[in-house]
file target38.csv (CSV, C-alpha atoms)
chain,number,residue,atom,x,y,z
A,23,MET,CA,-13.9,35.3,48.9
A,24,ASN,CA,-14.6,35.7,45.1
A,25,HIS,CA,-11.6,33.4,44.4
A,26,LEU,CA,-13.0,30.7,46.7
A,27,ARG,CA,-16.4,30.9,45.1
A,28,LYS,CA,-14.8,30.3,41.6
A,29,LEU,CA,-12.8,27.3,42.9
A,30,THR,CA,-16.0,25.8,44.4
A,31,VAL,CA,-17.9,26.2,41.1
A,32,VAL,CA,-15.0,24.5,39.2
A,33,PHE,CA,-14.8,21.7,41.8
A,34,LEU,CA,-18.6,21.1,41.7
A,35,ALA,CA,-18.6,21.1,37.8
A,36,LEU,CA,-15.8,18.4,37.8
A,37,LEU,CA,-17.8,16.3,40.3
A,38,THR,CA,-21.0,16.4,38.4
A,39,GLY,CA,-19.5,16.1,34.9
A,40,CYS,CA,-20.2,13.4,32.4
A,41,ASP,CA,-19.0,9.9,33.0
A,42,GLU,CA,-18.9,8.3,29.5
A,43,SER,CA,-16.2,5.9,28.5
A,44,PHE,CA,-14.2,6.8,25.4
A,45,SER,CA,-13.8,4.4,22.5
A,46,PRO,CA,-11.4,5.2,19.6
A,47,ASN,CA,-13.5,2.9,17.3
A,48,ALA,CA,-15.8,4.4,14.7
A,49,PRO,CA,-18.4,2.1,13.2
A,50,PHE,CA,-16.6,-0.6,11.1
A,51,ILE,CA,-17.2,-0.5,7.4
A,52,PRO,CA,-15.4,-3.1,5.3
A,53,LYS,CA,-13.5,-1.7,2.3
A,54,MET,CA,-11.6,-3.2,-0.5
A,55,VAL,CA,-7.8,-2.9,-0.4
A,56,VAL,CA,-5.8,-3.4,-3.6
A,57,TYR,CA,-2.0,-4.0,-3.8
A,58,SER,CA,-0.3,-3.9,-7.2
A,59,PHE,CA,2.9,-2.9,-8.9
A,60,LEU,CA,3.3,-2.8,-12.7
A,61,ARG,CA,6.8,-4.1,-13.3
A,62,SER,CA,8.3,-3.3,-16.6
A,63,ASP,CA,11.1,-5.9,-15.9
A,64,SER,CA,8.8,-8.8,-15.6
A,65,ASP,CA,6.4,-10.7,-17.9
A,66,THR,CA,4.1,-11.6,-14.9
A,67,GLN,CA,1.9,-9.0,-13.1
A,68,MET,CA,0.3,-9.8,-9.8
A,69,VAL,CA,-2.6,-8.0,-7.9
A,70,ARG,CA,-3.5,-8.8,-4.3
A,71,ILE,CA,-7.0,-7.9,-3.2
A,72,TYR,CA,-8.1,-7.9,0.5
A,73,SER,CA,-10.7,-6.3,2.6
A,74,THR,CA,-10.2,-4.3,5.8
A,75,TYR,CA,-10.9,-6.1,9.1
A,76,ASN,CA,-11.9,-5.2,12.6
A,77,PRO,CA,-9.1,-6.6,14.8
A,78,VAL,CA,-10.0,-8.2,18.2
A,79,GLU,CA,-9.2,-5.8,21.1
A,80,ASN,CA,-7.9,-3.2,18.5
A,81,ASN,CA,-4.7,-5.4,18.1
A,82,PRO,CA,-3.9,-6.2,14.5
A,83,SER,CA,-1.5,-8.9,15.6
A,84,ASN,CA,-4.5,-10.9,16.9
A,85,ASN,CA,-5.6,-11.4,13.3
A,86,GLY,CA,-4.0,-14.6,11.8
A,87,ASP,CA,-6.1,-14.7,8.7
A,88,GLU,CA,-6.0,-12.4,5.7
A,89,THR,CA,-9.4,-11.4,4.3
A,90,HIS,CA,-8.9,-12.2,0.6
A,91,VAL,CA,-11.6,-10.8,-1.8
A,92,SER,CA,-12.4,-13.8,-4.0
A,93,ASP,CA,-15.3,-12.5,-6.0
A,94,ALA,CA,-13.4,-9.8,-7.9
A,95,GLN,CA,-13.1,-9.3,-11.6
A,96,VAL,CA,-9.6,-7.8,-12.3
A,97,SER,CA,-8.3,-6.3,-15.5
A,98,PHE,CA,-5.7,-3.9,-16.9
A,99,ILE,CA,-6.7,-1.6,-19.7
A,100,GLN,CA,-4.2,-0.1,-22.2
A,101,GLY,CA,-5.7,2.0,-24.9
A,102,SER,CA,-8.7,0.1,-26.2
A,103,THR,CA,-7.4,-3.3,-25.1
A,104,THR,CA,-8.5,-5.1,-21.9
A,105,PHE,CA,-6.4,-7.7,-20.3
A,106,SER,CA,-8.2,-10.0,-17.8
A,107,LEU,CA,-6.4,-11.4,-14.8
A,108,ARG,CA,-6.9,-14.9,-13.3
A,109,ASP,CA,-6.7,-16.0,-9.7
A,110,THR,CA,-4.0,-18.2,-8.3
A,111,VAL,CA,-2.6,-19.4,-5.0
A,112,ILE,CA,1.1,-19.0,-4.0
A,113,THR,CA,2.5,-20.9,-1.0
A,114,ARG,CA,3.5,-18.4,1.7
A,115,ALA,CA,7.1,-19.0,2.7
A,116,ASP,CA,6.7,-17.6,6.2
A,117,LYS,CA,3.5,-18.6,8.0
A,118,SER,CA,4.5,-17.3,11.5
A,119,ARG,CA,1.8,-14.6,11.4
A,120,TYR,CA,-0.6,-15.4,8.5
A,121,THR,CA,-1.3,-19.1,8.2
A,122,SER,CA,-3.0,-18.9,4.8
A,123,ASP,CA,-1.3,-19.0,1.5
A,124,LEU,CA,-1.2,-15.9,-0.8
A,125,LEU,CA,-4.3,-15.6,-3.0
A,126,MET,CA,-3.6,-13.4,-6.0
A,127,TYR,CA,-4.8,-12.4,-9.4
A,128,TYR,CA,-2.2,-12.6,-12.1
A,129,ILE,CA,-1.6,-12.2,-15.8
A,130,ALA,CA,1.2,-13.7,-17.9
A,131,PRO,CA,2.7,-13.0,-20.3
A,132,PHE,CA,2.1,-9.3,-19.8
A,133,ARG,CA,4.9,-6.7,-19.8
A,134,PRO,CA,3.9,-3.0,-19.5
A,135,GLN,CA,5.6,-0.8,-22.0
A,136,ARG,CA,7.4,2.4,-21.1
A,137,GLY,CA,5.5,5.6,-21.9
A,138,LYS,CA,2.1,3.9,-22.1
A,139,ALA,CA,-0.9,4.5,-19.8
A,140,TYR,CA,-2.5,1.6,-17.9
A,141,THR,CA,-5.6,1.4,-15.8
A,142,LEU,CA,-6.2,-1.3,-13.2
A,143,ASN,CA,-10.0,-2.0,-12.8
A,144,VAL,CA,-11.2,-4.1,-9.8
A,145,SER,CA,-14.9,-4.9,-9.5
A,146,SER,CA,-16.4,-7.0,-6.7
A,147,PRO,CA,-20.1,-7.6,-6.1
A,148,THR,CA,-19.4,-7.5,-2.3
A,149,TYR,CA,-17.1,-4.4,-2.1
A,150,GLY,CA,-17.9,-2.4,-5.2
A,151,SER,CA,-15.4,-1.1,-7.8
A,152,VAL,CA,-12.1,0.8,-7.8
A,153,ALA,CA,-9.7,1.9,-10.5
A,154,ALA,CA,-6.3,3.4,-10.7
A,155,SER,CA,-4.2,4.6,-13.6
A,156,VAL,CA,-0.5,5.1,-14.2
A,157,VAL,CA,1.9,6.0,-17.1
A,158,ILE,CA,5.0,3.8,-17.1
A,159,PRO,CA,7.9,6.2,-17.0
A,160,ASP,CA,10.7,6.1,-19.6
A,161,SER,CA,14.3,5.1,-18.5
A,162,GLY,CA,15.7,7.6,-16.1
A,163,ASN,CA,19.0,9.4,-16.3
A,164,PHE,CA,21.1,11.2,-13.8
A,165,PHE,CA,24.3,13.1,-14.4
A,166,LEU,CA,26.9,14.0,-11.8
A,167,ILE,CA,28.5,17.2,-13.1
A,168,GLY,CA,31.7,18.3,-11.6
A,169,THR,CA,33.8,15.9,-9.6
A,170,ASP,CA,35.4,18.4,-7.1
A,171,LEU,CA,33.5,17.0,-4.2
A,172,LEU,CA,34.1,13.4,-5.2
A,173,GLN,CA,37.8,14.1,-5.6
A,174,LEU,CA,38.0,15.2,-1.9
A,175,TYR,CA,37.0,11.7,-0.9
A,176,ASN,CA,38.5,9.8,-3.9
A,177,PRO,CA,41.8,11.4,-5.0
A,178,TRP,CA,42.1,8.7,-7.7
A,179,LEU,CA,39.1,10.1,-9.6
A,180,THR,CA,40.6,12.5,-12.2
A,181,SER,CA,38.1,12.4,-15.1
A,182,SER,CA,34.5,13.4,-15.4
A,183,PHE,CA,32.0,11.0,-14.0
A,184,VAL,CA,28.6,10.2,-15.7
A,185,ALA,CA,26.1,7.5,-14.6
A,186,ARG,CA,23.0,6.2,-16.4
A,187,GLY,CA,20.2,4.2,-14.8
A,188,THR,CA,17.5,2.2,-16.5
call {"tool": "encode", "arguments": {"input": "target38.csv", "output": "structure tokens"}}
result
Amino acid sequence: MNHLRKLTVVFLALLTGCDESFSPNAPFIPKMVVYSFLRSDSDTQMVRIYSTYNPVENNPSNNGDETHVSDAQVSFIQGSTTFSLRDTVITRADKSRYTSDLLMYYIAPFRPQRGKAYTLNVSSPTYGSVAASVVIPDSGNFFLIGTDLLQLYNPWLTSSFVARGT
């Protein structure tokens, strides 16, 4: 009888429980998104700046337009020198998803130097300011010491093997 009473209480609790729908969405707050790579092999540096967006029906593929931040001031700082970037438009090769061209900030000529620290500053009246810093690494090296394992798969290899990457 005690077992039946417990089952009845659980059943009644389930019947009278809350009936609120669940939504995975938190309140949407637009934020700035910055894409950039400092390339030591190029004299031109590019920075893309967009904002987050709230996709229709929680499906990002429903969004055909990118949300470019056009009011940003963008600069690189190296030591006590500030380098300002300008905005430009680059024709998008594939417009199957995004129909707009690529809007970017760029600087040329500007080639980061290995071993030096750089800070990217982005300031927008709409989205606020962000900054990131990086030290450009020196050339990398790797050495393969001992060729016993390589000789198992490549019997023609009889001398030591050293490789250098830049």
call {"tool": "residues_near_point", "arguments": {"input": "target38.csv", "point": "(-8.8, -2.2, -13.4)", "cutoff": "8 Å", "atoms": "only C-alpha atoms", "output": "list in words"}}
result
Val96, Ser97, Phe98, Ile99, Thr141, Leu142, Asn143, Val144, Ser145, Val152, Ala153 and Ala154 of chain A
call {"tool": "residues_around", "arguments": {"input": "target38.csv", "residues": "Ser146 in chain A", "least_positions_apart": "4", "cutoff": "10 Å", "atoms": "all atoms listed in the file", "output": "ChimeraX atom specification"}}
result
/A:54,91-96,150-152
call {"tool": "closest_residue", "arguments": {"input": "target38.csv", "among": "A:Tyr140, A:Ala115, A:Tyr75, A:Leu26", "to": "Phe50 in chain A", "atoms": "all atoms listed in the file"}}
result
A:Tyr75
call {"tool": "residues_around", "arguments": {"input": "target38.csv", "residues": "range 117-133 of chain A", "least_positions_apart": "2", "cutoff": "10 Å", "atoms": "only C-alpha atoms", "output": "count of residues only"}}
result
43
call {"tool": "atom_distance", "arguments": {"input": "target38.csv", "atom1": "CA of Ala48 in chain A", "atom2": "CA of Pro77 in chain A"}}
result
12.9 Å
call {"tool": "atom_distance", "arguments": {"input": "target38.csv", "atom1": "CA of Gly101 in chain A", "atom2": "CA of Phe59 in chain A"}}
result
18.8 Å
call {"tool": "atom_distance", "arguments": {"input": "target38.csv", "atom1": "CA of Ser102 in chain A", "atom2": "CA of Gly162 in chain A"}}
result
27.5 Å
call {"tool": "closest_residue", "arguments": {"input": "target38.csv", "among": "A:Pro159, A:Pro46, A:Pro134, A:Pro52", "to": "Glu79 in chain A", "atoms": "all atoms listed in the file"}}
result
A:Pro46
call {"tool": "closest_residue", "arguments": {"input": "target38.csv", "among": "A:Arg27, A:Gln100, A:Val56, A:Gly137", "to": "Ser161 in chain A", "atoms": "only C-alpha atoms"}}
result
A:Gly137
